[in-house]
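A.B. asks: Sharing final_22.tsv here; it has TSV, C-alpha atoms.
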chain	number	residue	atom	x	y	z
A	218	MET	CA	-1.82	17.45	-33.80
A	219	SER	CA	-0.43	17.48	-30.27
A	220	HIS	CA	3.11	18.42	-29.27
A	221	LYS	CA	5.63	15.61	-28.90
A	222	PHE	CA	8.09	17.68	-26.82
A	223	LYS	CA	7.51	19.66	-23.63
A	224	VAL	CA	8.77	23.03	-22.37
A	225	ARG	CA	12.25	22.71	-20.76
A	226	GLN	CA	12.93	19.45	-22.64
A	227	MET	CA	16.34	19.23	-24.33
A	228	VAL	CA	16.32	18.53	-28.08
A	229	ARG	CA	18.72	18.44	-31.04
A	230	LEU	CA	18.24	19.54	-34.61
A	231	ALA	CA	17.46	16.49	-36.73
A	232	GLN	CA	19.77	17.74	-39.51
A	233	PRO	CA	22.02	20.56	-38.32
A	234	GLY	CA	22.92	23.16	-40.91
A	235	PHE	CA	26.45	24.34	-41.66
A	236	SER	CA	26.47	27.11	-39.03
A	237	ASP	CA	24.99	24.74	-36.41
A	238	ALA	CA	27.67	22.12	-37.08
A	239	ARG	CA	30.41	24.72	-36.56
A	240	ALA	CA	28.86	25.86	-33.27
A	241	GLY	CA	29.43	22.41	-31.73
A	242	GLY	CA	27.68	22.55	-28.35
A	243	ALA	CA	24.95	24.79	-29.76
A	244	SER	CA	23.37	21.72	-31.35
A	245	ILE	CA	21.53	21.01	-28.06
A	246	TYR	CA	18.56	23.29	-27.49
A	247	GLU	CA	15.96	23.73	-24.77
A	248	VAL	CA	12.30	23.97	-25.74
A	249	ILE	CA	11.10	27.31	-24.39
A	250	ARG	CA	7.67	27.64	-26.02
A	251	LEU	CA	5.07	25.47	-27.74
A	252	MET	CA	3.72	27.09	-30.89
A	253	PRO	CA	0.48	26.35	-32.77
A	254	ALA	CA	0.27	24.29	-35.93
A	255	ASP	CA	1.09	25.92	-39.26
A	256	GLN	CA	-0.91	25.70	-42.50
A	257	THR	CA	0.20	22.09	-43.01
A	258	GLY	CA	-0.96	21.07	-39.53
A	259	GLU	CA	2.55	20.57	-38.15
A	260	VAL	CA	3.23	22.09	-34.71
A	261	SER	CA	6.23	24.31	-34.04
A	262	TYR	CA	8.48	25.19	-31.12
A	263	ARG	CA	10.71	28.03	-29.96
A	264	ILE	CA	14.04	26.56	-28.92
A	265	LYS	CA	17.10	28.19	-27.35
A	266	SER	CA	20.77	27.43	-26.82
A	267	GLY	CA	22.77	30.16	-25.08
A	268	ALA	CA	21.92	33.42	-26.84
A	269	VAL	CA	20.62	31.62	-29.96
A	270	GLU	CA	16.84	31.32	-30.18
A	271	ARG	CA	14.94	29.98	-33.17
A	272	ALA	CA	11.61	28.62	-34.33
A	273	VAL	CA	11.48	25.07	-35.69
A	274	ARG	CA	8.88	22.60	-36.85
A	275	GLU	CA	8.48	19.34	-34.95
A	276	SER	CA	9.99	17.36	-37.85
A	277	GLU	CA	13.19	19.42	-37.55
A	278	ILE	CA	14.07	18.31	-34.01
A	279	ARG	CA	14.55	15.10	-32.05
A	280	GLY	CA	14.93	14.27	-28.37
A	281	THR	CA	18.36	13.95	-26.80
Represent the supplied structure as structure tokens.
C.D. replies:
Amino acid sequence: MSHKFKVRQMVRLAQPGFSDARAGGASIYEVIRLMPADQTGEVSYRIKSGAVERAVRESEIRGT
């Protein structure tokens, strides 16, 4: 499976969690690293917003 998003592309969480909803502007992240596929074959990304950095699967994010 190839990556849908590119490094430096801005993305949003598809379904923000409670803490993400409270953060407001933190719901927009920048893709900082493309990660390999997991056991299910789905690729992952490292995304960052301010000081918050996290790993997400491709199905968990969408373009802005």
A.B. asks: So for region 245-249 of chain A, what box centre and size do we get, axis-aligned, 5 Å extra on each of the six sides, every listed atom, Å to one decimal, as lines of an AutoDock Vina configuration file?
C.D. replies:
center_x = 16.3
center_y = 24.2
center_z = -26.2
size_x = 20.4
size_y = 16.3
size_z = 13.7
A.B. asks: When distances are computed from only C-alpha atoms, which of A:Ser244, A:Leu230, A:Thr281, A:Glu275 shows the smallest separation from Glu259 (chain A)?
C.D. replies: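 The shortest atom-to-atom distance to Glu259 (chain A) comes from A:Glu275.
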A.B. asks: So what do you get for CA of Gly258 (chain A) versus CA of Arg225 (chain A), distance-wise?
C.D. replies: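 Taking CA of Gly258 (chain A) as the start and CA of Arg225 (chain A) as the end point, the length is 23.0 Å.
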A.B. asks: Mind checking which residues fall within 10 Å of Pro253 (chain A), counting all atoms listed in the file, ignoring those fewer than 4 positions away in the same chain, and posting them as a list in words?
C.D. replies: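 Contacts, with the query itself left out: Met218, Ser219, His220, Gly258, Glu259, Val260, Ser261 and Tyr262 of chain A.
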A.B. asks: With C-alpha atoms retained, write the just-selected residues as a short mmCIF file (atom, residue, chain, number, x, y, z; two decimals), in the frame of the given file.
C.D. replies:
data_model
loop_
_atom_site.label_atom_id
_atom_site.label_comp_id
_atom_site.auth_asym_id
_atom_site.auth_seq_id
_atom_site.Cartn_x
_atom_site.Cartn_y
_atom_site.Cartn_z
CA MET A 218 -1.82 17.45 -33.80
CA SER A 219 -0.43 17.48 -30.27
CA HIS A 220 3.11 18.42 -29.27
CA GLY A 258 -0.96 21.07 -39.53
CA GLU A 259 2.55 20.57 -38.15
CA VAL A 260 3.23 22.09 -34.71
CA SER A 261 6.23 24.31 -34.04
CA TYR A 262 8.48 25.19 -31.12
#
A.B. asks: State, in Å with one decimal place, the distance from CA of Glu247 (chain A) to CA of Ser266 (chain A).
C.D. replies: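 Calculated distance between CA of Glu247 (chain A) and CA of Ser266 (chain A) is 6.4 Å.
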A.B. asks: Just to confirm, what's the straight-line distance from CA of Phe222 (chain A) to CA of Thr257 (chain A) in Å (one decimal)?
C.D. replies: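 Here the two named atoms are 18.5 Å from each other.
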A.B. asks: Please determine, counting all atoms listed in the file, which residue among A:Ile245, A:Arg271, A:Ser276, A:Arg250 has the shortest atom-to-atom distance to Lys223 (chain A).
C.D. replies: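 Smallest separation from Lys223 (chain A) among the options: A:Arg250.
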A.B. asks: Residues within 6 Å of (14.1, 16.3, -32.9), file coordinates, counting all atoms listed in the file: what are they? Give the list as a ChimeraX atom specification.
C.D. replies: /A:228-231,277-280
A.B. asks: My list of candidates is A:Gln232, A:Met227, A:Val248, A:Lys221. Which is closest to Ala272 (chain A) when distances are computed with only C-alpha atoms?
C.D. replies: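 That would be A:Val248, the residue with the smallest distance to Ala272 (chain A).
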